[in-house]
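As structure tokens, the structure follows; a few thoughts come after it.
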Amino acid sequence: MTDLQTPPAEEKSYSQGQLVRMRFFRHKGAIISMIVLAVIIVVAFTSIGFGPIPGWWDKVPTAQYEKIGTGAPTWEHPFGQDTIGKDYFALVMLGTQKSLIIAVGVGLISTIIGTVIGAVAGYFRGWLESLLMRMTDLLLVIPLLVLAAVLGKMASSWGIWGLTIMLGIVTWTGLARLVRGEMLSLRERDFVVAATAVGTSSGRIITKHILPNAIGTIIVSATLTISSAILLETSLSYLGYGVQAPDTSLGLLISDYQTAFTTRPWLFWWPGLMILAIALCVNFIGDGLRDAFDPRQNRTKA
């Protein structure tokens, strides 16, 4: 009896999106960071509530409570109390909410501006590219902290939304240069040349053909911008050019209680640890996304 040869199993193919997800979920640091960041966000927005939605924590950041001893952490006040008896857990959660809103808002605004300017400059070239890139270079030579401090002071009367907008319009330069580089490479590809030959409009070529192929660069840059934004907001608030009272943020909490570092260190360490945790988590997620979108990665097989 002749042995029948079993045909070789077909190699399973994956779409680009599936490959990206598989690479990302193999990055243990990014997955752990994503879980930790999700826990921080959920606790911050559910504990003291957000807007009209009440929270599960029985204390509010604006109320003063009877001070227990020196205000050190206790079962009733796990993060301790500030100098006038406010519950520090509620204050830190409120500061975390504000800092996260600013960071995400800055990331979105910066990504939109940088993507538009980089795409237009890289695709159309000529005098328009020169104008946009010289404007980008001008912003790059000005120290970011100085520029952000000036604009942040101007927008201080607008609350955290004004600060978010101002920081967003000064942090897009790095992404604009990255997107422009991607555009210069992609606009010479065959599929773009073919789309141009059949009369496809420039706007459609950019949005439907080029930008989807540059999405990895944009997403990774946006993620890292969020991490930079929370550190920038912390620096500005610490120097007095960022969030102003009665609003609060993690950076403002550190600034307000910096003199208590030796006598009541919990007032300094809790917001500091929260800033460190958020920044590290976002950076690890960015590293995972960068590795996932890296086209030099080996093709995943079943």
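Letters A, B, ... go to the chains of the structure tokens in the order shown; residues in each chain start at 1; ligands are counted from 1 in the same order.
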Mind checking which residues fall within 8 Å of Leu267 of chain A, counting only C-alpha atoms, ignoring those fewer than 4 positions away in the same chain, and posting them as a PyMOL selection string? chain A and resi 80-82+88+253-254+257+260-261+271
Test item: residues at most 10 Å from Leu178 of chain A, only C-alpha atoms, excluding those fewer than 2 positions along its chain, as a ChimeraX atom specification: /A:114-115,118-119,122,173-176,180-183,214,217-218,221
Could the residues in this selection be saved with N, CA, C and O atoms as a PDB file, in the first residue's frame?
ATOM      1  N   GLY A 114       0.959  68.881  14.301  1.00  0.00           N
ATOM      2  CA  GLY A 114       2.183  68.342  13.719  1.00  0.00           C
ATOM      3  C   GLY A 114       1.929  67.489  12.491  1.00  0.00           C
ATOM      4  O   GLY A 114       2.679  67.551  11.508  1.00  0.00           O
ATOM      5  N   THR A 115       0.847  66.703  12.521  1.00  0.00           N
ATOM      6  CA  THR A 115       0.521  65.848  11.372  1.00  0.00           C
ATOM      7  C   THR A 115       0.130  66.689  10.163  1.00  0.00           C
ATOM      8  O   THR A 115       0.588  66.428   9.042  1.00  0.00           O
ATOM      9  N   GLY A 118       3.322  68.672   8.926  1.00  0.00           N
ATOM     10  CA  GLY A 118       4.295  67.765   8.327  1.00  0.00           C
ATOM     11  C   GLY A 118       3.806  67.166   7.021  1.00  0.00           C
ATOM     12  O   GLY A 118       4.570  67.032   6.056  1.00  0.00           O
ATOM     13  N   ALA A 119       2.495  66.814   6.957  1.00  0.00           N
ATOM     14  CA  ALA A 119       1.951  66.227   5.737  1.00  0.00           C
ATOM     15  C   ALA A 119       1.932  67.231   4.597  1.00  0.00           C
ATOM     16  O   ALA A 119       2.310  66.910   3.458  1.00  0.00           O
ATOM     17  N   GLY A 122       5.619  67.972   3.501  1.00  0.00           N
ATOM     18  CA  GLY A 122       6.280  66.857   2.820  1.00  0.00           C
ATOM     19  C   GLY A 122       5.669  66.519   1.475  1.00  0.00           C
ATOM     20  O   GLY A 122       6.383  66.035   0.580  1.00  0.00           O
ATOM     21  N   THR A 173       6.415  70.379  17.026  1.00  0.00           N
ATOM     22  CA  THR A 173       7.506  70.498  16.058  1.00  0.00           C
ATOM     23  C   THR A 173       8.184  69.160  15.742  1.00  0.00           C
ATOM     24  O   THR A 173       8.500  68.878  14.587  1.00  0.00           O
ATOM     25  N   GLY A 174       8.420  68.349  16.777  1.00  0.00           N
ATOM     26  CA  GLY A 174       9.091  67.069  16.539  1.00  0.00           C
ATOM     27  C   GLY A 174       8.268  66.157  15.648  1.00  0.00           C
ATOM     28  O   GLY A 174       8.805  65.535  14.716  1.00  0.00           O
ATOM     29  N   LEU A 175       6.962  66.085  15.888  1.00  0.00           N
ATOM     30  CA  LEU A 175       6.101  65.240  15.060  1.00  0.00           C
ATOM     31  C   LEU A 175       6.030  65.769  13.637  1.00  0.00           C
ATOM     32  O   LEU A 175       5.990  64.973  12.679  1.00  0.00           O
ATOM     33  N   ALA A 176       5.996  67.077  13.470  1.00  0.00           N
ATOM     34  CA  ALA A 176       5.934  67.644  12.119  1.00  0.00           C
ATOM     35  C   ALA A 176       7.139  67.216  11.287  1.00  0.00           C
ATOM     36  O   ALA A 176       7.000  66.865  10.106  1.00  0.00           O
ATOM     37  N   ARG A 180       6.853  64.798   8.025  1.00  0.00           N
ATOM     38  CA  ARG A 180       7.416  65.299   6.756  1.00  0.00           C
ATOM     39  C   ARG A 180       8.379  64.278   6.157  1.00  0.00           C
ATOM     40  O   ARG A 180       8.356  64.004   4.950  1.00  0.00           O
ATOM     41  N   GLY A 181       9.239  63.681   7.002  1.00  0.00           N
ATOM     42  CA  GLY A 181      10.156  62.661   6.503  1.00  0.00           C
ATOM     43  C   GLY A 181       9.422  61.454   5.935  1.00  0.00           C
ATOM     44  O   GLY A 181       9.819  60.915   4.888  1.00  0.00           O
ATOM     45  N   GLU A 182       8.346  61.036   6.612  1.00  0.00           N
ATOM     46  CA  GLU A 182       7.548  59.923   6.098  1.00  0.00           C
ATOM     47  C   GLU A 182       6.902  60.294   4.770  1.00  0.00           C
ATOM     48  O   GLU A 182       6.827  59.483   3.842  1.00  0.00           O
ATOM     49  N   MET A 183       6.413  61.518   4.669  1.00  0.00           N
ATOM     50  CA  MET A 183       5.774  61.978   3.434  1.00  0.00           C
ATOM     51  C   MET A 183       6.752  61.981   2.266  1.00  0.00           C
ATOM     52  O   MET A 183       6.416  61.562   1.149  1.00  0.00           O
ATOM     53  N   ALA A 214       1.673  56.037   7.455  1.00  0.00           N
ATOM     54  CA  ALA A 214       2.533  56.701   8.435  1.00  0.00           C
ATOM     55  C   ALA A 214       1.918  56.667   9.831  1.00  0.00           C
ATOM     56  O   ALA A 214       2.418  57.311  10.745  1.00  0.00           O
ATOM     57  N   THR A 217       4.208  55.866  12.985  1.00  0.00           N
ATOM     58  CA  THR A 217       5.035  56.979  13.451  1.00  0.00           C
ATOM     59  C   THR A 217       4.200  57.990  14.229  1.00  0.00           C
ATOM     60  O   THR A 217       4.615  58.495  15.275  1.00  0.00           O
ATOM     61  N   ILE A 218       3.005  58.272  13.742  1.00  0.00           N
ATOM     62  CA  ILE A 218       2.144  59.265  14.386  1.00  0.00           C
ATOM     63  C   ILE A 218       1.692  58.784  15.759  1.00  0.00           C
ATOM     64  O   ILE A 218       1.729  59.542  16.741  1.00  0.00           O
ATOM     65  N   SER A 221       4.631  58.739  18.297  1.00  0.00           N
ATOM     66  CA  SER A 221       4.996  60.106  18.672  1.00  0.00           C
ATOM     67  C   SER A 221       3.946  60.729  19.580  1.00  0.00           C
ATOM     68  O   SER A 221       4.276  61.421  20.541  1.00  0.00           O
TER      69      SER A 221
END
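For the residues A:Ile165, A:Ile210, A:Val170, A:Val42, ranking by smallest atom-to-atom distance to Leu138 of chain A using only C-alpha atoms places A:Val170 first.
Residue nearest Lys86 of chain A within the list A:Val198, A:Ile68, A:Val220, A:Ile205: A:Ile68 [criterion: smallest interatomic distance, only C-alpha atoms].
With only C-alpha atoms as the atoms that count, the residue of A:Ile142, A:Phe50, A:Ser110, A:Arg187 with the shortest distance to Ser202 of chain A is A:Arg187.
Shell of Ser47 of chain A at 8 Å, with only C-alpha atoms counted and residues fewer than 5 places along the chain excluded, is A:Gly55, A:Trp56, A:Trp57, A:Ala90, A:Met93.
Using only C-alpha atoms, the smallest distance between any of A:Leu232, A:Ile32, A:Val192, A:Leu91 and Trp270 of chain A comes from A:Leu91.
Among A:Val20, A:Cys281, A:Ala38, A:Ala44, the residue with the shortest atom-to-atom distance to Lys98 of chain A, counting only C-alpha atoms, is A:Ala44.
Reported to one decimal place, the separation of atom CA of Gly85 of chain A from atom CA of Thr259 of chain A is 16.9 Å.
Between Thr74 of chain A and the residues A:Thr62, A:Trp266, A:Ile160, A:Val39, the shortest atom-to-atom distance, using only C-alpha atoms, involves A:Trp266.
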Which residues in segment 33-259 of chain A does DSSP call helix (DSSP H, G or I)? List them as a VMD selection string. chain A and resid 33 to 47 88 to 124 126 to 141 144 to 154 156 to 168 173 to 186 190 to 197 202 to 239 250 to 256 258 to 259
